[in-house]
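Heads up: the structure comes next, in C-alpha cells.
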Amino acid sequence: MTMRHLLAGFCAAGVLAISSAASAGPVFLTGHDPDFHAQDSVHAQNLLRAGLNFATGGTFDDGPATKFLWVESRISPPGGHRVGEAGLNAISLTLGTNYDRVNAAELASVNFSNYKAIVVASTFGGLLGQDEINTLIARKVDIASFVNLGGGVFAMAECDDSATCQGDLVSDPSSVFAWLPVVVSSVVANAPFTVTPFGAGLGLTNDDVNDPTHNSFGLTGGLNVVDNDVTGVPTTLAGNVRITDGGFEPVPEPLSLALFGFGLAGLGVLRRKRAG
C-alpha cells in the first residue's frame with residue numbers, strides 16, 4: 001500500500017470519527033456540592049462554573065437560546081441543607097433566562113431536547129430528593145438518547161450510605177447515580193482533594209475543590225479524572241461520551257479529530273509538493 005493510500009485511509013477515518021462524535025455529549029460528575037457552597041465560596045463558584053461550562057459547551061450563561069434544565073425538589077430545606085438553585089443565582093444565572101427548573105413531578109414529562117444540558121442538584125447540601133432520583137431512573141433511556149444527540153449532563157454529590165454522608169433526602173442509598181448508565185459507585189470521600197492535569201486544563205485549582213464534600217467514585221466508567229481525594233480515589237469525573245449498553249464510551253473531542261484529519265491531509269499535500 002502506498003503512502004498516499006495510507007494518508008487517504010487515515011483522513012477517511014478522521015472524517016468518520018468526527019461524524020461519530022456528533023453522537024456524543026459532555027458529562028461532568030462530581031462528589032462535591034458546589035450548588036451549596038457557591039452561595040458563600042468563590043472557589044465553589046469556580047467549580048460550579050467549570051461543570052456548567054463543560055456540560056453546555058461554554059454556553060451556560062449565553063441566554064434563553066441555550067438554557068439548561070435544573071433538577072431539584074422545592075421542599076423547605078431540612079437542617080444542614082440549602083436550596084441548591086441559590087448557587088446558580090450566586091453566579092448571576094437567572095431562572096427563565098439561563099435555566100428552567102423541574103422537580104420530580106415536572107421532570108416526568110419535560111422535553112429534554114429543549115435544553116443544552118441536564119443539571120442535577122446535590123442530595124446534600126442541595127435538595128435533590130428520592131422522588132427526583134426515582135424519576136431520573138425512570139427516564140434513564142431518554143437521558144441516554146439526549147447525551148447521544150450531543151446534550152450535556154452535570155450531576156453533583158449524591159450521598160453514599162455511610163456515616164460521613166448525611167443522606168436524609170435519600171431513602172434508598174443504592175439508587176444514587178443509578179440513573180446514569182455508567183459503572184461508577186458513590187463511595188466515601190477523604191479530604192483533601194487534588195486537581196489532576198485534566199482538571200487544571202478546565203481552569204480548576206486545588207482551592208476550588210476543597211470545600212466539604214460528600215462522595216468520591218469507586219470507578220471512573222471511562223471518564224477523565226478531574227480531581228482525586230487524599231487516597232487517590234476520583235471525586236470528579238468528566239468526558240465527552242456516547243452512552244451504550246455497556247455504559248460510557250469515550251469519544252474524542254470533535255476539534256481534536258478535525259485537527260487530526262486536516263493535519264493528515266496537509267501531510268499528503270506536502271508530500272506531493274516534495275515529489276513534484
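Lettering and numbering for the C-alpha cells are positional, with chains as A, B, ... in the shown order, residues counted from 1 in each chain, and ligands counted from 1 in the shown order.
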
Which residues are close to A:Ala104, i.e. within 6 Å by only C-alpha atoms, leaving aside same-chain residues fewer than 3 positions away? Reply as a JSON list (two decimals) with N, CA and C atoms, in the first residue's frame.
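Resulting contents of around28.json:
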```
[["chain", "number", "residue", "atom", "x", "y", "z"],
["A", 107, "LEU", "N", -40.38, 16.75, 36.08],
["A", 107, "LEU", "CA", -39.33, 16.02, 35.37],
["A", 107, "LEU", "C", -39.90, 14.85, 34.56],
["A", 131, "ASP", "N", -37.54, 11.24, 45.28],
["A", 131, "ASP", "CA", -38.52, 11.29, 44.18],
["A", 131, "ASP", "C", -37.86, 11.73, 42.88],
["A", 132, "GLU", "N", -36.96, 12.72, 42.96],
["A", 132, "GLU", "CA", -36.26, 13.17, 41.74],
["A", 132, "GLU", "C", -35.35, 12.06, 41.22],
["A", 135, "THR", "N", -37.40, 9.45, 39.46],
["A", 135, "THR", "CA", -37.88, 9.90, 38.15],
["A", 135, "THR", "C", -36.75, 9.94, 37.14]]
```

Requested in this report: Find the residues near stretch 229-243 of chain A: any atom within 8 Å, counting only C-alpha atoms, skip ones fewer than 6 places away on the same chain, and give them as a PyMOL selection string.
Outcome: chain A and resi 23-32+144-145+147-148+181+189-194+215-220+223+249-253

Requested in this report: Show which residues sit within 8 Å of stretch 115-119 of chain A, as a list in words. Count only C-alpha atoms, and ignore same-chain residues fewer than 5 positions away.
Outcome: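 Neighbouring residues, sequence-local ones excluded: Leu52, Ala55, Thr56, Thr66, Lys67, Phe68, Leu69, Trp70, Val71, Gly151, Gly152, Val153, Phe154 and Ala155 of chain A.
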
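Near A:Thr196, within 9 Å and counting only C-alpha atoms, sit A:Ala200, A:Gly201, A:Val225, A:Val226, A:Asp227, A:Asn228, not including residues fewer than 4 positions from it in the same chain.
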
Any chance you could export the current selection's N, CA and C atoms as a PDB file, in the first residue's frame?
```pdb
ATOM      1  N   ALA A 200      -6.920  20.773  35.855  1.00  0.00           N
ATOM      2  CA  ALA A 200      -6.267  22.080  35.710  1.00  0.00           C
ATOM      3  C   ALA A 200      -6.543  22.651  34.324  1.00  0.00           C
ATOM      4  N   GLY A 201      -6.655  21.768  33.334  1.00  0.00           N
ATOM      5  CA  GLY A 201      -6.967  22.214  31.983  1.00  0.00           C
ATOM      6  C   GLY A 201      -8.364  22.797  31.858  1.00  0.00           C
ATOM      7  N   VAL A 225     -10.449  11.810  35.032  1.00  0.00           N
ATOM      8  CA  VAL A 225     -10.453  12.227  36.436  1.00  0.00           C
ATOM      9  C   VAL A 225     -10.106  13.712  36.512  1.00  0.00           C
ATOM     10  N   VAL A 226     -10.970  14.478  37.165  1.00  0.00           N
ATOM     11  CA  VAL A 226     -10.772  15.919  37.329  1.00  0.00           C
ATOM     12  C   VAL A 226     -10.047  16.212  38.637  1.00  0.00           C
ATOM     13  N   ASP A 227     -10.441  15.521  39.711  1.00  0.00           N
ATOM     14  CA  ASP A 227      -9.684  15.628  40.966  1.00  0.00           C
ATOM     15  C   ASP A 227      -9.829  14.342  41.759  1.00  0.00           C
ATOM     16  N   ASN A 228      -8.832  14.088  42.615  1.00  0.00           N
ATOM     17  CA  ASN A 228      -8.772  12.902  43.464  1.00  0.00           C
ATOM     18  C   ASN A 228      -8.830  13.298  44.929  1.00  0.00           C
TER      19      ASN A 228
END
```

Requested in this report: Enumerate, as a ChimeraX atom specification, the complete set of residues in stretch 127-245 of chain A that a backbone-based DSSP assignment places in strand (DSSP E or B).
Outcome: /A:152-155,162,165,186-187,194-195,213,216-217,224-228,234-244

Could you write out that same residue set with N, CA and C atoms as an mmCIF file, in the first residue's frame?
```cif
data_model
loop_
_atom_site.group_PDB
_atom_site.id
_atom_site.type_symbol
_atom_site.label_atom_id
_atom_site.label_comp_id
_atom_site.auth_asym_id
_atom_site.auth_seq_id
_atom_site.Cartn_x
_atom_site.Cartn_y
_atom_site.Cartn_z
ATOM 1 N N GLY A 152 -25.668 17.671 27.203
ATOM 2 C CA GLY A 152 -24.745 17.510 28.312
ATOM 3 C C GLY A 152 -25.446 17.128 29.610
ATOM 4 N N VAL A 153 -24.660 16.582 30.538
ATOM 5 C CA VAL A 153 -25.139 16.241 31.873
ATOM 6 C C VAL A 153 -24.118 16.724 32.890
ATOM 7 N N PHE A 154 -24.610 17.380 33.945
ATOM 8 C CA PHE A 154 -23.775 17.799 35.074
ATOM 9 C C PHE A 154 -24.514 17.379 36.338
ATOM 10 N N ALA A 155 -23.946 16.432 37.083
ATOM 11 C CA ALA A 155 -24.579 15.951 38.309
ATOM 12 C C ALA A 155 -23.647 16.152 39.487
ATOM 13 N N SER A 162 -23.231 5.970 54.221
ATOM 14 C CA SER A 162 -22.185 5.922 55.244
ATOM 15 C C SER A 162 -22.441 6.978 56.290
ATOM 16 N N CYS A 165 -21.798 10.708 55.260
ATOM 17 C CA CYS A 165 -22.606 11.392 54.251
ATOM 18 C C CYS A 165 -24.059 11.338 54.672
ATOM 19 N N SER A 186 -20.789 5.450 44.230
ATOM 20 C CA SER A 186 -20.574 6.507 45.205
ATOM 21 C C SER A 186 -19.923 5.911 46.444
ATOM 22 N N VAL A 187 -18.727 6.411 46.788
ATOM 23 C CA VAL A 187 -18.001 5.910 47.959
ATOM 24 C C VAL A 187 -17.591 7.087 48.836
ATOM 25 N N THR A 194 -7.119 16.933 45.287
ATOM 26 C CA THR A 194 -6.076 17.461 44.412
ATOM 27 C C THR A 194 -6.530 17.400 42.961
ATOM 28 N N VAL A 195 -6.422 18.518 42.274
ATOM 29 C CA VAL A 195 -6.807 18.600 40.869
ATOM 30 C C VAL A 195 -5.765 17.888 40.004
ATOM 31 N N THR A 213 -17.139 17.833 51.165
ATOM 32 C CA THR A 213 -17.501 17.006 50.016
ATOM 33 C C THR A 213 -18.193 15.730 50.489
ATOM 34 N N SER A 216 -16.890 10.273 46.732
ATOM 35 C CA SER A 216 -15.956 10.038 45.641
ATOM 36 C C SER A 216 -16.543 8.917 44.786
ATOM 37 N N PHE A 217 -15.789 8.463 43.782
ATOM 38 C CA PHE A 217 -16.293 7.441 42.871
ATOM 39 C C PHE A 217 -15.385 6.226 42.870
ATOM 40 N N ASN A 224 -12.658 10.951 32.360
ATOM 41 C CA ASN A 224 -11.392 11.506 32.824
ATOM 42 C C ASN A 224 -11.529 11.945 34.276
ATOM 43 N N VAL A 225 -10.449 11.810 35.032
ATOM 44 C CA VAL A 225 -10.453 12.227 36.436
ATOM 45 C C VAL A 225 -10.106 13.712 36.512
ATOM 46 N N VAL A 226 -10.970 14.478 37.165
ATOM 47 C CA VAL A 226 -10.772 15.919 37.329
ATOM 48 C C VAL A 226 -10.047 16.212 38.637
ATOM 49 N N ASP A 227 -10.441 15.521 39.711
ATOM 50 C CA ASP A 227 -9.684 15.628 40.966
ATOM 51 C C ASP A 227 -9.829 14.342 41.759
ATOM 52 N N ASN A 228 -8.832 14.088 42.615
ATOM 53 C CA ASN A 228 -8.772 12.902 43.464
ATOM 54 C C ASN A 228 -8.830 13.298 44.929
ATOM 55 N N PRO A 234 -11.035 8.983 42.665
ATOM 56 C CA PRO A 234 -11.600 10.121 41.924
ATOM 57 C C PRO A 234 -12.819 10.728 42.624
ATOM 58 N N THR A 235 -12.876 12.054 42.639
ATOM 59 C CA THR A 235 -14.006 12.758 43.244
ATOM 60 C C THR A 235 -14.775 13.570 42.209
ATOM 61 N N THR A 236 -14.181 13.857 41.084
ATOM 62 C CA THR A 236 -14.884 14.494 39.966
ATOM 63 C C THR A 236 -14.435 13.822 38.677
ATOM 64 N N LEU A 237 -15.384 13.572 37.782
ATOM 65 C CA LEU A 237 -15.134 12.890 36.517
ATOM 66 C C LEU A 237 -15.760 13.695 35.384
ATOM 67 N N ALA A 238 -15.140 13.663 34.215
ATOM 68 C CA ALA A 238 -15.707 14.382 33.072
ATOM 69 C C ALA A 238 -15.227 13.750 31.774
ATOM 70 N N GLY A 239 -16.047 13.881 30.750
ATOM 71 C CA GLY A 239 -15.627 13.390 29.451
ATOM 72 C C GLY A 239 -16.697 13.571 28.402
ATOM 73 N N ASN A 240 -16.281 13.532 27.151
ATOM 74 C CA ASN A 240 -17.195 13.539 26.020
ATOM 75 C C ASN A 240 -17.477 12.083 25.674
ATOM 76 N N VAL A 241 -18.733 11.650 25.811
ATOM 77 C CA VAL A 241 -19.027 10.223 25.741
ATOM 78 C C VAL A 241 -20.258 9.923 24.893
ATOM 79 N N ARG A 242 -20.305 8.697 24.446
ATOM 80 C CA ARG A 242 -21.504 8.100 23.882
ATOM 81 C C ARG A 242 -21.993 7.082 24.912
ATOM 82 N N ILE A 243 -23.300 6.979 25.072
ATOM 83 C CA ILE A 243 -23.864 6.018 26.011
ATOM 84 C C ILE A 243 -24.302 4.777 25.240
ATOM 85 N N THR A 244 -23.763 3.637 25.652
ATOM 86 C CA THR A 244 -24.092 2.361 25.022
ATOM 87 C C THR A 244 -24.640 1.422 26.100
#
```

Query raised in the report: Hey, what's within 10 Å of A:Gln39 if we count only C-alpha atoms and toss same-chain stuff fewer than 4 positions away? As a PyMOL selection string, please?
Result: chain A and resi 34-35+44-45+82-91

Query raised in the report: So, counting only C-alpha atoms, which residue among A:Asn210, A:Ser113, A:Asn103, A:Ser185 is closest to A:Glu72?
Result: A:Asn103

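Considering the residues A:Leu180, A:Ala65, A:Leu128, A:Phe36 and counting only C-alpha atoms, A:Gly221 has its shortest atom-to-atom contact with A:Leu180.
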
Requested in this report: Mind the document's chain letters and residue numbers, and return as a PyMOL selection string the residues of stretch 179-263 of chain A that DSSP labels alpha helix (DSSP H).
Outcome: chain A and resi 197-201+254-263
